[in-house]
Each structure stands twice: as structure tokens, then as C-alpha cells.
2 protein chains.
Amino acid sequence: MKYTFQVQGMTCGHCERAVVHAVREVDADAIVQVDLPTGQVVVESDKSRDAVANAITEEGYTVAA
Amino acid sequence: MKYTFQVQGMTCGHCERAVVHAVREVDADAIVQVDLPTGQVVVESDKSRDAVANAITEEGYTVAA
């Protein structure tokens with residue numbers, strides 16, 4: 001499945017990597033694309049949307065949509 | 001010696017840790033205090049001011065003063 005999230009709180013390349021790694025912890029094969037200026041995160045994963053969103057939230061970022 | 005730097009480009013806790021770790025790579029015993037909102041970095045180290053500044057710069061941040 002392909003999910004699009006609006007993520008708040010990512011400010012730099014470290015944050016981008018932290019989000020990518022957090023998603024890959026719940027799905028090592030996930031394809032994750034982060035657009036830092038807009039906060040848009042696109043994830044292709046076999047896991048549920050909630051599972052992916054939770055991974056991002058637990059990393060300390062806010063999933064606004 | 002105690003040095004105060006004005007560092008530009010630190011946006012989050014990851015950046016703060018990156019700067020601390022970069023300084024500790026040139027001086028494992030350095031005392032490093034970062035104030036993220038102002039960008040002020042205070043370092044106590046036996047190394048030269050230039051050596052500490054270079055470590056911060058090489059990590060990708062700008063030492064403005």
C-alpha cells in the first residue's frame with residue numbers, strides 16, 4: 001500500500017533520516033520518501049497505515065494527516 | 001580553555017548531539033554545552049579554539065563567531 005502523511009517537526013536531514021529509519025524498523029522493505037520543506041512523507045509498505053504512522057509518532061514527530 | 005562559539009544551522013536535538021559528538025571526536029574529554037535556540041556553544045577543552053571550530057564546521061554547521 002502507498003500512504004501519504006503530513007508530518008510536523010522535521011527540521012533537518014537528521015530528522016529525515018530518523019523518520020526513514022523509524023518506518024524501516026516496522027517494515028525493513030518499506031520505500032520511504034521524505035520532502036523536508038513540506039513535511040510530506042510517502043511510504044510504500046505492506047504494513048498498515050496506522051503501524052507506519054505510529055512509528056513516525058514514536059520517533060517524536062507529529063503526523064497531522 | 002573555555003571557548004564560546006556562535007553556531008548557525010542547528011535546528012533540532014539531533015543537530016545538538018551531532019555538534020557535541022563532533023567536538024568530542026577531537027577531544028573526548030571536552031565539556032560541551034549547546035543552547036539550541038540561540039546557537040551558542042560553549043566548549044571547555046585542552047585543544048585549540050581552531051581545532052574545536054573545525055570539528056563543528058566539518059560536521060556541516062557554520063561557526064559565525
# chains A, B, ... in the order shown; residues from 1 in each chain; ligands from 1
$ select_by_dssp --residues "chain A" --states "strand (DSSP E)" --output "JSON, numbers by chain"
{"A": [2, 3, 4, 5, 6, 7, 8, 31, 32, 33, 34, 35, 40, 41, 42, 43, 44, 62, 63]}
$ write_last_selection --atoms "N, CA and C atoms" --output "compact mmCIF listing (two decimals), in the first residue's frame"
# COMPACT_ATOMS: atom_id res chain seq x y z
N LYS A 2 0.34 2.31 -0.57
CA LYS A 2 1.09 3.56 -0.61
C LYS A 2 0.34 4.61 0.23
N TYR A 3 1.03 5.14 1.19
CA TYR A 3 0.41 6.09 2.12
C TYR A 3 1.12 7.43 2.02
N THR A 4 0.36 8.50 2.17
CA THR A 4 0.96 9.84 2.25
C THR A 4 0.63 10.44 3.61
N PHE A 5 1.66 10.93 4.28
CA PHE A 5 1.49 11.55 5.59
C PHE A 5 1.97 12.99 5.55
N GLN A 6 1.32 13.81 6.35
CA GLN A 6 1.83 15.16 6.60
C GLN A 6 2.46 15.14 7.98
N VAL A 7 3.77 15.30 8.02
CA VAL A 7 4.50 15.15 9.28
C VAL A 7 5.06 16.50 9.72
N GLN A 8 4.83 16.81 10.99
CA GLN A 8 5.32 18.07 11.56
C GLN A 8 6.52 17.81 12.47
N ILE A 31 9.48 1.51 1.23
CA ILE A 31 10.06 2.58 0.42
C ILE A 31 9.56 3.89 1.03
N VAL A 32 10.48 4.73 1.44
CA VAL A 32 10.12 5.95 2.17
C VAL A 32 10.71 7.16 1.45
N GLN A 33 9.85 8.10 1.12
CA GLN A 33 10.31 9.35 0.50
C GLN A 33 9.87 10.51 1.37
N VAL A 34 10.83 11.34 1.74
CA VAL A 34 10.55 12.48 2.60
C VAL A 34 10.83 13.77 1.84
N ASP A 35 9.86 14.68 1.86
CA ASP A 35 10.10 16.02 1.34
C ASP A 35 10.19 16.96 2.53
N GLN A 40 6.01 16.37 3.75
CA GLN A 40 5.26 15.24 3.19
C GLN A 40 6.13 13.97 3.18
N VAL A 41 5.53 12.89 3.69
CA VAL A 41 6.23 11.61 3.74
C VAL A 41 5.37 10.58 3.01
N VAL A 42 5.95 9.97 1.97
CA VAL A 42 5.24 8.96 1.20
C VAL A 42 5.88 7.60 1.49
N VAL A 43 5.06 6.65 1.89
CA VAL A 43 5.57 5.34 2.28
C VAL A 43 4.85 4.25 1.50
N GLU A 44 5.63 3.38 0.90
CA GLU A 44 5.07 2.17 0.32
C GLU A 44 5.44 1.01 1.22
N THR A 62 5.00 14.61 14.73
CA THR A 62 3.55 14.64 14.73
C THR A 62 3.03 14.33 13.34
N VAL A 63 2.16 13.33 13.26
CA VAL A 63 1.51 13.02 11.99
C VAL A 63 0.19 13.78 11.97
$ select_by_dssp --residues "chain B" --states "helix (DSSP H, G or I)" --output "NGL selection string"
:B and (13-26 or 49-58)
$ residues_around --residues "Lys47 in chain B" --least-positions-apart "2" --cutoff "9 Å" --atoms "only C-alpha atoms" --output "ChimeraX atom specification"
/B:1,26-27,30,44-45,49-52
$ write_last_selection --atoms "N, CA, C and O atoms" --output "PDB file, in the first residue's frame"
ATOM      1  N   MET B   1      40.957  25.376  28.256  1.00  0.00           N
ATOM      2  CA  MET B   1      40.461  26.680  27.827  1.00  0.00           C
ATOM      3  C   MET B   1      38.955  26.598  27.601  1.00  0.00           C
ATOM      4  O   MET B   1      38.421  25.560  27.259  1.00  0.00           O
ATOM      5  N   VAL B  26      37.449  15.283  18.553  1.00  0.00           N
ATOM      6  CA  VAL B  26      38.784  15.883  18.629  1.00  0.00           C
ATOM      7  C   VAL B  26      39.262  15.975  20.076  1.00  0.00           C
ATOM      8  O   VAL B  26      40.467  16.091  20.323  1.00  0.00           O
ATOM      9  N   ASP B  27      38.349  15.904  21.034  1.00  0.00           N
ATOM     10  CA  ASP B  27      38.729  15.922  22.453  1.00  0.00           C
ATOM     11  C   ASP B  27      37.667  15.164  23.241  1.00  0.00           C
ATOM     12  O   ASP B  27      36.625  15.716  23.596  1.00  0.00           O
ATOM     13  N   ALA B  30      36.225  16.814  26.342  1.00  0.00           N
ATOM     14  CA  ALA B  30      35.665  18.163  26.249  1.00  0.00           C
ATOM     15  C   ALA B  30      34.322  18.241  26.980  1.00  0.00           C
ATOM     16  O   ALA B  30      33.539  17.289  26.972  1.00  0.00           O
ATOM     17  N   GLU B  44      34.679  23.577  26.833  1.00  0.00           N
ATOM     18  CA  GLU B  44      35.894  23.567  27.636  1.00  0.00           C
ATOM     19  C   GLU B  44      36.753  22.423  27.147  1.00  0.00           C
ATOM     20  O   GLU B  44      36.348  21.260  27.172  1.00  0.00           O
ATOM     21  N   SER B  45      37.957  22.779  26.700  1.00  0.00           N
ATOM     22  CA  SER B  45      38.810  21.775  26.052  1.00  0.00           C
ATOM     23  C   SER B  45      40.271  22.173  26.159  1.00  0.00           C
ATOM     24  O   SER B  45      40.604  23.364  26.240  1.00  0.00           O
ATOM     25  N   ARG B  49      41.142  26.571  20.023  1.00  0.00           N
ATOM     26  CA  ARG B  49      39.848  27.067  19.554  1.00  0.00           C
ATOM     27  C   ARG B  49      39.623  26.679  18.096  1.00  0.00           C
ATOM     28  O   ARG B  49      38.520  26.262  17.713  1.00  0.00           O
ATOM     29  N   ASP B  50      40.669  26.795  17.275  1.00  0.00           N
ATOM     30  CA  ASP B  50      40.549  26.453  15.861  1.00  0.00           C
ATOM     31  C   ASP B  50      40.204  24.977  15.671  1.00  0.00           C
ATOM     32  O   ASP B  50      39.398  24.622  14.801  1.00  0.00           O
ATOM     33  N   ALA B  51      40.818  24.125  16.463  1.00  0.00           N
ATOM     34  CA  ALA B  51      40.562  22.688  16.321  1.00  0.00           C
ATOM     35  C   ALA B  51      39.101  22.377  16.632  1.00  0.00           C
ATOM     36  O   ALA B  51      38.454  21.581  15.931  1.00  0.00           O
ATOM     37  N   VAL B  52      38.574  23.032  17.655  1.00  0.00           N
ATOM     38  CA  VAL B  52      37.173  22.808  18.024  1.00  0.00           C
ATOM     39  C   VAL B  52      36.249  23.385  16.944  1.00  0.00           C
ATOM     40  O   VAL B  52      35.285  22.730  16.513  1.00  0.00           O
TER      41      VAL B  52
END
$ interface_residues --of "chain A" --to "chain B" --cutoff "12 Å" --atoms "only C-alpha atoms" --output "list in words"
Gly9, Met10, Thr11, Cys12, Gly13, His14, Cys15, Glu16, Arg17, Ala18, Glu59, Gly60 and Tyr61 of chain A
$ atom_distance --atom1 "CA of Ala22 in chain B" --atom2 "CA of Ala64 in chain B"
17.0 Å
$ atom_distance --atom1 "CA of Glu58 in chain A" --atom2 "CA of Ala28 in chain A"
16.7 Å
